[in-house]
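Shown next: upload04.txt, given as compact mmCIF, N, CA and C atoms.
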```txt
# COMPACT_ATOMS: atom_id res chain seq x y z
N MET A 1 -16.01 19.22 -1.65
CA MET A 1 -17.35 19.63 -1.31
C MET A 1 -17.56 19.37 0.18
N HIS A 2 -18.71 19.54 0.65
CA HIS A 2 -18.99 19.37 2.07
C HIS A 2 -19.65 18.03 2.35
N ASN A 3 -19.59 17.13 1.39
CA ASN A 3 -20.13 15.78 1.56
C ASN A 3 -21.62 15.80 1.87
N LEU A 4 -22.37 16.64 1.17
CA LEU A 4 -23.80 16.75 1.38
C LEU A 4 -24.56 16.24 0.18
N THR A 5 -25.78 15.83 0.42
CA THR A 5 -26.66 15.51 -0.70
C THR A 5 -27.11 16.82 -1.32
N GLN A 6 -27.61 16.73 -2.54
CA GLN A 6 -28.12 17.93 -3.21
C GLN A 6 -29.21 18.58 -2.37
N GLN A 7 -30.08 17.76 -1.77
CA GLN A 7 -31.18 18.28 -0.96
C GLN A 7 -30.64 19.07 0.24
N LYS A 8 -29.66 18.51 0.94
CA LYS A 8 -29.09 19.19 2.11
C LYS A 8 -28.39 20.50 1.70
N LEU A 9 -27.69 20.46 0.58
CA LEU A 9 -27.03 21.66 0.10
C LEU A 9 -28.06 22.74 -0.20
N CYS A 10 -29.14 22.36 -0.86
CA CYS A 10 -30.21 23.32 -1.17
C CYS A 10 -30.81 23.90 0.10
N GLU A 11 -30.98 23.06 1.10
CA GLU A 11 -31.52 23.54 2.38
C GLU A 11 -30.56 24.53 3.02
N GLU A 12 -29.26 24.21 2.99
CA GLU A 12 -28.27 25.11 3.60
C GLU A 12 -28.20 26.45 2.88
N LEU A 13 -28.38 26.43 1.56
CA LEU A 13 -28.29 27.66 0.77
C LEU A 13 -29.64 28.34 0.59
N HIS A 14 -30.69 27.70 1.08
CA HIS A 14 -32.05 28.24 0.98
C HIS A 14 -32.47 28.47 -0.47
N ILE A 15 -32.19 27.45 -1.29
CA ILE A 15 -32.67 27.48 -2.67
C ILE A 15 -33.43 26.19 -2.94
N SER A 16 -34.31 26.23 -3.93
CA SER A 16 -35.09 25.02 -4.22
C SER A 16 -34.22 24.01 -4.96
N ARG A 17 -34.59 22.76 -4.81
CA ARG A 17 -33.87 21.69 -5.49
C ARG A 17 -34.02 21.83 -7.01
N ALA A 18 -35.19 22.26 -7.43
CA ALA A 18 -35.43 22.46 -8.86
C ALA A 18 -34.51 23.54 -9.42
N ALA A 19 -34.37 24.63 -8.67
CA ALA A 19 -33.48 25.72 -9.11
C ALA A 19 -32.05 25.21 -9.21
N TYR A 20 -31.61 24.46 -8.21
CA TYR A 20 -30.26 23.92 -8.23
C TYR A 20 -30.06 23.03 -9.45
N SER A 21 -31.03 22.19 -9.72
CA SER A 21 -30.96 21.29 -10.87
C SER A 21 -30.84 22.08 -12.17
N TYR A 22 -31.60 23.18 -12.28
CA TYR A 22 -31.51 24.02 -13.48
C TYR A 22 -30.12 24.64 -13.61
N PHE A 23 -29.53 25.07 -12.49
CA PHE A 23 -28.18 25.65 -12.53
C PHE A 23 -27.18 24.59 -12.97
N GLU A 24 -27.32 23.41 -12.40
CA GLU A 24 -26.38 22.33 -12.65
C GLU A 24 -26.41 21.87 -14.11
N THR A 25 -27.57 21.92 -14.73
CA THR A 25 -27.73 21.46 -16.11
C THR A 25 -27.68 22.62 -17.12
N ASP A 26 -27.29 23.80 -16.65
CA ASP A 26 -27.17 25.00 -17.50
C ASP A 26 -28.48 25.41 -18.16
N LYS A 27 -29.60 25.08 -17.55
CA LYS A 27 -30.90 25.51 -18.08
C LYS A 27 -31.27 26.89 -17.57
N ARG A 28 -30.61 27.30 -16.49
CA ARG A 28 -30.83 28.61 -15.90
C ARG A 28 -29.51 29.13 -15.33
N VAL A 29 -29.37 30.43 -15.31
CA VAL A 29 -28.18 31.06 -14.73
C VAL A 29 -28.57 31.65 -13.38
N PRO A 30 -27.82 31.32 -12.33
CA PRO A 30 -28.16 31.88 -11.01
C PRO A 30 -27.99 33.39 -10.97
N ASP A 31 -28.81 34.05 -10.18
CA ASP A 31 -28.66 35.49 -10.01
C ASP A 31 -27.45 35.79 -9.13
N LEU A 32 -27.10 37.04 -9.01
CA LEU A 32 -25.91 37.44 -8.26
C LEU A 32 -25.97 36.98 -6.80
N GLU A 33 -27.13 37.13 -6.18
CA GLU A 33 -27.28 36.73 -4.78
C GLU A 33 -26.99 35.24 -4.60
N THR A 34 -27.49 34.42 -5.52
CA THR A 34 -27.25 32.97 -5.45
C THR A 34 -25.79 32.65 -5.72
N LEU A 35 -25.18 33.35 -6.66
CA LEU A 35 -23.75 33.15 -6.92
C LEU A 35 -22.92 33.46 -5.69
N ILE A 36 -23.29 34.51 -4.98
CA ILE A 36 -22.57 34.87 -3.75
C ILE A 36 -22.72 33.77 -2.71
N LEU A 37 -23.92 33.20 -2.60
CA LEU A 37 -24.14 32.09 -1.66
C LEU A 37 -23.23 30.91 -1.98
N PHE A 38 -23.18 30.55 -3.27
CA PHE A 38 -22.32 29.44 -3.68
C PHE A 38 -20.85 29.76 -3.41
N ALA A 39 -20.42 30.96 -3.75
CA ALA A 39 -19.03 31.35 -3.54
C ALA A 39 -18.63 31.27 -2.07
N LYS A 40 -19.50 31.77 -1.19
CA LYS A 40 -19.21 31.71 0.24
C LYS A 40 -19.19 30.25 0.72
N TYR A 41 -20.14 29.49 0.25
CA TYR A 41 -20.26 28.09 0.69
C TYR A 41 -19.00 27.29 0.31
N TYR A 42 -18.50 27.53 -0.91
CA TYR A 42 -17.35 26.77 -1.39
C TYR A 42 -16.02 27.49 -1.15
N HIS A 43 -16.05 28.61 -0.42
CA HIS A 43 -14.84 29.38 -0.11
C HIS A 43 -14.10 29.78 -1.39
N LEU A 44 -14.85 30.30 -2.35
CA LEU A 44 -14.29 30.75 -3.61
C LEU A 44 -14.62 32.21 -3.83
N SER A 45 -13.82 32.87 -4.63
CA SER A 45 -14.19 34.21 -5.07
C SER A 45 -15.26 34.05 -6.14
N LEU A 46 -16.02 35.11 -6.37
CA LEU A 46 -17.01 35.06 -7.45
C LEU A 46 -16.32 34.81 -8.78
N ASP A 47 -15.16 35.41 -8.96
CA ASP A 47 -14.41 35.23 -10.20
C ASP A 47 -14.07 33.75 -10.40
N ALA A 48 -13.56 33.12 -9.36
CA ALA A 48 -13.21 31.71 -9.48
C ALA A 48 -14.45 30.85 -9.74
N LEU A 49 -15.53 31.20 -9.08
CA LEU A 49 -16.77 30.43 -9.24
C LEU A 49 -17.29 30.47 -10.67
N VAL A 50 -17.28 31.63 -11.28
CA VAL A 50 -17.87 31.75 -12.61
C VAL A 50 -16.87 31.51 -13.74
N SER A 51 -15.59 31.33 -13.43
CA SER A 51 -14.60 31.16 -14.49
C SER A 51 -14.22 29.72 -14.77
N PHE A 52 -14.91 28.75 -14.16
CA PHE A 52 -14.60 27.36 -14.45
C PHE A 52 -14.92 27.06 -15.90
N ASN A 53 -13.91 26.60 -16.63
CA ASN A 53 -14.11 26.24 -18.02
C ASN A 53 -14.45 24.77 -18.19
N THR A 54 -14.02 23.98 -17.24
CA THR A 54 -14.22 22.54 -17.38
C THR A 54 -14.62 21.95 -16.04
N LYS A 55 -15.15 20.74 -16.12
CA LYS A 55 -15.47 20.02 -14.88
C LYS A 55 -14.19 19.73 -14.10
N GLU A 56 -13.08 19.54 -14.81
CA GLU A 56 -11.81 19.28 -14.14
C GLU A 56 -11.42 20.44 -13.24
N GLN A 57 -11.58 21.68 -13.73
CA GLN A 57 -11.29 22.86 -12.90
C GLN A 57 -12.21 22.89 -11.69
N ALA A 58 -13.47 22.59 -11.89
CA ALA A 58 -14.43 22.59 -10.78
C ALA A 58 -14.05 21.51 -9.78
N THR A 59 -13.69 20.33 -10.28
CA THR A 59 -13.29 19.23 -9.41
C THR A 59 -12.05 19.59 -8.61
N ASN A 60 -11.07 20.22 -9.28
CA ASN A 60 -9.85 20.64 -8.57
C ASN A 60 -10.17 21.64 -7.48
N SER A 61 -11.07 22.55 -7.76
CA SER A 61 -11.45 23.54 -6.76
C SER A 61 -12.14 22.89 -5.57
N VAL A 62 -12.99 21.91 -5.84
CA VAL A 62 -13.66 21.19 -4.76
C VAL A 62 -12.62 20.44 -3.93
N LYS A 63 -11.65 19.83 -4.59
CA LYS A 63 -10.59 19.13 -3.87
C LYS A 63 -9.79 20.09 -2.99
N GLU A 64 -9.50 21.29 -3.52
CA GLU A 64 -8.81 22.30 -2.71
C GLU A 64 -9.66 22.69 -1.51
N GLU A 65 -10.95 22.84 -1.72
CA GLU A 65 -11.85 23.21 -0.63
C GLU A 65 -11.91 22.10 0.41
N GLN A 66 -11.92 20.84 -0.04
CA GLN A 66 -11.92 19.71 0.90
C GLN A 66 -10.63 19.70 1.70
N SER A 67 -9.52 19.97 1.05
CA SER A 67 -8.24 20.02 1.76
C SER A 67 -8.25 21.12 2.81
N TYR A 68 -8.78 22.27 2.43
CA TYR A 68 -8.89 23.38 3.36
C TYR A 68 -9.74 22.99 4.57
N GLN A 69 -10.88 22.37 4.31
CA GLN A 69 -11.78 21.94 5.39
C GLN A 69 -11.09 20.93 6.31
N LEU A 70 -10.35 19.99 5.71
CA LEU A 70 -9.65 18.98 6.50
C LEU A 70 -8.60 19.62 7.39
N ILE A 71 -7.84 20.52 6.83
CA ILE A 71 -6.79 21.20 7.62
C ILE A 71 -7.41 22.01 8.75
N GLN A 72 -8.50 22.71 8.47
CA GLN A 72 -9.18 23.49 9.52
C GLN A 72 -9.70 22.56 10.62
N HIS A 73 -10.25 21.42 10.22
CA HIS A 73 -10.77 20.45 11.20
C HIS A 73 -9.64 19.92 12.08
N LEU A 74 -8.52 19.56 11.45
CA LEU A 74 -7.39 19.05 12.23
C LEU A 74 -6.87 20.10 13.19
N LYS A 75 -6.78 21.35 12.73
CA LYS A 75 -6.32 22.43 13.61
C LYS A 75 -7.29 22.62 14.77
N SER A 76 -8.58 22.55 14.51
CA SER A 76 -9.56 22.77 15.57
C SER A 76 -9.49 21.67 16.63
N LYS A 77 -9.06 20.47 16.23
CA LYS A 77 -8.93 19.35 17.17
C LYS A 77 -7.51 19.22 17.71
N ARG A 78 -6.63 20.14 17.27
CA ARG A 78 -5.22 20.14 17.66
C ARG A 78 -4.52 18.82 17.32
N ILE A 79 -4.82 18.33 16.13
CA ILE A 79 -4.20 17.10 15.63
C ILE A 79 -3.11 17.50 14.65
N PRO A 80 -1.85 17.16 14.95
CA PRO A 80 -0.77 17.52 14.03
C PRO A 80 -0.96 16.86 12.66
N ILE A 81 -0.79 17.64 11.61
CA ILE A 81 -0.99 17.13 10.25
C ILE A 81 -0.02 16.00 9.94
N ASP A 82 1.22 16.09 10.44
CA ASP A 82 2.20 15.03 10.16
C ASP A 82 1.77 13.69 10.76
N VAL A 83 1.01 13.74 11.85
CA VAL A 83 0.49 12.49 12.43
C VAL A 83 -0.50 11.85 11.46
N VAL A 84 -1.38 12.65 10.91
CA VAL A 84 -2.39 12.14 9.97
C VAL A 84 -1.70 11.61 8.72
N LEU A 85 -0.69 12.34 8.24
CA LEU A 85 0.02 11.91 7.03
C LEU A 85 0.76 10.60 7.22
N SER A 86 1.09 10.27 8.46
CA SER A 86 1.82 9.03 8.73
C SER A 86 0.90 7.81 8.86
N LEU A 87 -0.41 8.03 8.87
CA LEU A 87 -1.34 6.92 9.02
C LEU A 87 -1.45 6.09 7.75
N SER A 88 -1.54 4.78 7.95
CA SER A 88 -1.67 3.86 6.81
C SER A 88 -3.15 3.59 6.53
N LYS A 89 -3.41 2.90 5.45
CA LYS A 89 -4.78 2.48 5.12
C LYS A 89 -5.33 1.61 6.26
N GLN A 90 -4.51 0.75 6.79
CA GLN A 90 -4.91 -0.11 7.90
C GLN A 90 -5.31 0.74 9.12
N ASP A 91 -4.57 1.81 9.38
CA ASP A 91 -4.89 2.71 10.49
C ASP A 91 -6.26 3.36 10.27
N PHE A 92 -6.50 3.83 9.05
CA PHE A 92 -7.79 4.46 8.75
C PHE A 92 -8.93 3.45 8.84
N ASP A 93 -8.69 2.22 8.39
CA ASP A 93 -9.71 1.17 8.51
C ASP A 93 -10.03 0.91 9.98
N PHE A 94 -8.99 0.87 10.81
CA PHE A 94 -9.19 0.67 12.24
C PHE A 94 -10.05 1.79 12.82
N LEU A 95 -9.73 3.04 12.45
CA LEU A 95 -10.50 4.18 12.95
C LEU A 95 -11.96 4.12 12.48
N ALA A 96 -12.16 3.72 11.24
CA ALA A 96 -13.53 3.61 10.72
C ALA A 96 -14.29 2.55 11.50
N ASN A 97 -13.65 1.43 11.80
CA ASN A 97 -14.30 0.38 12.59
C ASN A 97 -14.56 0.84 14.02
N TYR A 98 -13.61 1.55 14.58
CA TYR A 98 -13.75 2.08 15.94
C TYR A 98 -14.99 2.96 16.04
N LYS A 99 -15.20 3.79 15.04
CA LYS A 99 -16.35 4.71 15.06
C LYS A 99 -17.68 3.97 15.07
N GLU A 100 -17.68 2.73 14.62
CA GLU A 100 -18.91 1.92 14.59
C GLU A 100 -19.24 1.28 15.94
N LEU A 101 -18.27 1.28 16.86
CA LEU A 101 -18.47 0.64 18.16
C LEU A 101 -19.39 1.47 19.06
N THR A 102 -20.01 0.77 20.01
CA THR A 102 -20.79 1.46 21.04
C THR A 102 -19.81 2.16 21.99
N LYS A 103 -20.31 3.07 22.80
CA LYS A 103 -19.45 3.78 23.75
C LYS A 103 -18.78 2.80 24.71
N ASP A 104 -19.53 1.83 25.20
CA ASP A 104 -18.95 0.84 26.12
C ASP A 104 -17.82 0.06 25.45
N ASN A 105 -18.03 -0.34 24.21
CA ASN A 105 -16.99 -1.09 23.50
C ASN A 105 -15.78 -0.20 23.20
N LYS A 106 -16.02 1.08 22.91
CA LYS A 106 -14.91 2.01 22.70
C LYS A 106 -14.10 2.15 23.99
N ASP A 107 -14.79 2.29 25.11
CA ASP A 107 -14.10 2.41 26.40
C ASP A 107 -13.27 1.16 26.69
N GLU A 108 -13.84 0.01 26.42
CA GLU A 108 -13.14 -1.25 26.66
C GLU A 108 -11.91 -1.36 25.77
N LEU A 109 -12.05 -0.97 24.52
CA LEU A 109 -10.93 -1.03 23.59
C LEU A 109 -9.83 -0.06 24.00
N CYS A 110 -10.19 1.13 24.44
CA CYS A 110 -9.20 2.12 24.91
C CYS A 110 -8.44 1.57 26.12
N TYR A 111 -9.17 0.93 27.03
CA TYR A 111 -8.52 0.32 28.19
C TYR A 111 -7.53 -0.74 27.74
N LEU A 112 -7.95 -1.58 26.79
CA LEU A 112 -7.08 -2.65 26.29
C LEU A 112 -5.84 -2.07 25.61
N ILE A 113 -6.00 -1.03 24.84
CA ILE A 113 -4.86 -0.41 24.15
C ILE A 113 -3.88 0.15 25.18
N LYS A 114 -4.39 0.85 26.19
CA LYS A 114 -3.51 1.40 27.24
C LYS A 114 -2.78 0.29 27.97
N TYR A 115 -3.49 -0.80 28.25
CA TYR A 115 -2.87 -1.96 28.90
C TYR A 115 -1.74 -2.52 28.04
N LYS A 116 -2.02 -2.71 26.75
CA LYS A 116 -1.02 -3.26 25.84
C LYS A 116 0.19 -2.33 25.72
N LEU A 117 -0.03 -1.01 25.71
CA LEU A 117 1.07 -0.06 25.64
C LEU A 117 1.95 -0.13 26.89
N ARG A 118 1.31 -0.22 28.07
CA ARG A 118 2.08 -0.35 29.31
C ARG A 118 2.89 -1.64 29.31
N LYS A 119 2.27 -2.71 28.88
CA LYS A 119 2.94 -4.01 28.84
C LYS A 119 4.12 -3.97 27.85
N GLN A 120 3.90 -3.37 26.72
CA GLN A 120 4.94 -3.25 25.71
C GLN A 120 6.11 -2.40 26.22
N LYS A 121 5.79 -1.35 26.96
CA LYS A 121 6.81 -0.46 27.49
C LYS A 121 7.72 -1.18 28.47
N HIS A 122 7.18 -2.13 29.20
CA HIS A 122 7.95 -2.84 30.23
C HIS A 122 8.55 -4.15 29.72
N SER A 123 8.41 -4.40 28.44
CA SER A 123 8.99 -5.64 27.88
C SER A 123 10.42 -5.45 27.45
```

Target encoding structure tokens, full file:
Amino acid sequence: MHNLTQQKLCEELHISRAAYSYFETDKRVPDLETLILFAKYYHLSLDALVSFNTKEQATNSVKEEQSYQLIQHLKSKRIPIDVVLSLSKQDFDFLANYKELTKDNKDELCYLIKYKLRKQKHS
């Protein structure tokens, strides 16, 4: 999925939260226009969207869509996929912590890392 709350998703698709809730609980069937909105949003064909037999199929489709989004994001930032695949849990934790730092602290940490790399190179 796109990591949105139901409210944000409804805003993006220009549908009411109540309508979305009815669709989700099978109390109402979306019209063709709404189905097209969902299909475009989730990068699915209409056939794929309406042919889910189980939550597992829907979950797999969402996972495929997330993978697609991740690959597109990495390509847009010119980050090689093999680099990301080589990262450990510790690496991801470090990145998550880094994102919490202020700009000044990020700059300081980058300086320190470059210093340590130069020092390591000459050891």

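Between atom N of Lys77 of chain A and atom CA of Leu49 of chain A the interatomic distance comes to 28.4 Å.
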
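For the pair atom CA of Asp82 of chain A and atom CA of Leu95 of chain A, the separation is 16.9 Å.
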
- Run DSSP on the backbone and give me the residues of chain A it puts in helix (DSSP H, G or I), as a PyMOL selection string. chain A and resi 6-13+17-24+32-41+46-50+55-76+81-85+89-100+103-121

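For the pair atom C of Cys110 of chain A and atom C of Gln90 of chain A, the interatomic distance is 17.3 Å.
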
Please supply segment 78-92 of chain A, rebuilt with N, CA, C and O atoms, as a PDB file, in the coordinates of the input.
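Result written to rebuild-v8.pdb:
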```pdb
ATOM      1  N   ARG A  78      -6.630  20.140  17.270  1.00  0.00           N
ATOM      2  CA  ARG A  78      -5.220  20.140  17.660  1.00  0.00           C
ATOM      3  C   ARG A  78      -4.520  18.820  17.320  1.00  0.00           C
ATOM      4  O   ARG A  78      -3.776  18.253  18.132  1.00  0.00           O
ATOM      5  N   ILE A  79      -4.820  18.330  16.130  1.00  0.00           N
ATOM      6  CA  ILE A  79      -4.200  17.100  15.630  1.00  0.00           C
ATOM      7  C   ILE A  79      -3.110  17.500  14.650  1.00  0.00           C
ATOM      8  O   ILE A  79      -3.395  18.117  13.626  1.00  0.00           O
ATOM      9  N   PRO A  80      -1.850  17.160  14.950  1.00  0.00           N
ATOM     10  CA  PRO A  80      -0.770  17.520  14.030  1.00  0.00           C
ATOM     11  C   PRO A  80      -0.960  16.860  12.660  1.00  0.00           C
ATOM     12  O   PRO A  80      -1.257  15.672  12.566  1.00  0.00           O
ATOM     13  N   ILE A  81      -0.790  17.640  11.610  1.00  0.00           N
ATOM     14  CA  ILE A  81      -0.990  17.130  10.250  1.00  0.00           C
ATOM     15  C   ILE A  81      -0.020  16.000   9.940  1.00  0.00           C
ATOM     16  O   ILE A  81      -0.388  15.021   9.292  1.00  0.00           O
ATOM     17  N   ASP A  82       1.220  16.090  10.440  1.00  0.00           N
ATOM     18  CA  ASP A  82       2.200  15.030  10.160  1.00  0.00           C
ATOM     19  C   ASP A  82       1.770  13.690  10.760  1.00  0.00           C
ATOM     20  O   ASP A  82       2.065  12.641  10.189  1.00  0.00           O
ATOM     21  N   VAL A  83       1.010  13.740  11.850  1.00  0.00           N
ATOM     22  CA  VAL A  83       0.490  12.490  12.430  1.00  0.00           C
ATOM     23  C   VAL A  83      -0.500  11.850  11.460  1.00  0.00           C
ATOM     24  O   VAL A  83      -0.452  10.649  11.197  1.00  0.00           O
ATOM     25  N   VAL A  84      -1.380  12.650  10.910  1.00  0.00           N
ATOM     26  CA  VAL A  84      -2.390  12.140   9.970  1.00  0.00           C
ATOM     27  C   VAL A  84      -1.700  11.610   8.720  1.00  0.00           C
ATOM     28  O   VAL A  84      -2.062  10.550   8.202  1.00  0.00           O
ATOM     29  N   LEU A  85      -0.690  12.340   8.240  1.00  0.00           N
ATOM     30  CA  LEU A  85       0.020  11.910   7.030  1.00  0.00           C
ATOM     31  C   LEU A  85       0.760  10.600   7.220  1.00  0.00           C
ATOM     32  O   LEU A  85       1.014   9.891   6.247  1.00  0.00           O
ATOM     33  N   SER A  86       1.090  10.270   8.460  1.00  0.00           N
ATOM     34  CA  SER A  86       1.820   9.030   8.730  1.00  0.00           C
ATOM     35  C   SER A  86       0.900   7.810   8.860  1.00  0.00           C
ATOM     36  O   SER A  86       1.379   6.688   8.919  1.00  0.00           O
ATOM     37  N   LEU A  87      -0.410   8.030   8.870  1.00  0.00           N
ATOM     38  CA  LEU A  87      -1.340   6.920   9.020  1.00  0.00           C
ATOM     39  C   LEU A  87      -1.450   6.090   7.750  1.00  0.00           C
ATOM     40  O   LEU A  87      -1.466   6.621   6.647  1.00  0.00           O
ATOM     41  N   SER A  88      -1.540   4.780   7.950  1.00  0.00           N
ATOM     42  CA  SER A  88      -1.670   3.860   6.810  1.00  0.00           C
ATOM     43  C   SER A  88      -3.150   3.590   6.530  1.00  0.00           C
ATOM     44  O   SER A  88      -4.023   3.989   7.309  1.00  0.00           O
ATOM     45  N   LYS A  89      -3.410   2.900   5.450  1.00  0.00           N
ATOM     46  CA  LYS A  89      -4.780   2.480   5.120  1.00  0.00           C
ATOM     47  C   LYS A  89      -5.330   1.610   6.260  1.00  0.00           C
ATOM     48  O   LYS A  89      -6.487   1.754   6.647  1.00  0.00           O
ATOM     49  N   GLN A  90      -4.510   0.750   6.790  1.00  0.00           N
ATOM     50  CA  GLN A  90      -4.910  -0.110   7.900  1.00  0.00           C
ATOM     51  C   GLN A  90      -5.310   0.740   9.120  1.00  0.00           C
ATOM     52  O   GLN A  90      -6.291   0.446   9.796  1.00  0.00           O
ATOM     53  N   ASP A  91      -4.570   1.810   9.380  1.00  0.00           N
ATOM     54  CA  ASP A  91      -4.890   2.710  10.490  1.00  0.00           C
ATOM     55  C   ASP A  91      -6.260   3.360  10.270  1.00  0.00           C
ATOM     56  O   ASP A  91      -7.081   3.431  11.192  1.00  0.00           O
ATOM     57  N   PHE A  92      -6.500   3.830   9.050  1.00  0.00           N
ATOM     58  CA  PHE A  92      -7.790   4.460   8.750  1.00  0.00           C
ATOM     59  C   PHE A  92      -8.930   3.450   8.840  1.00  0.00           C
ATOM     60  O   PHE A  92     -10.024   3.773   9.311  1.00  0.00           O
TER      61      PHE A  92
END
```
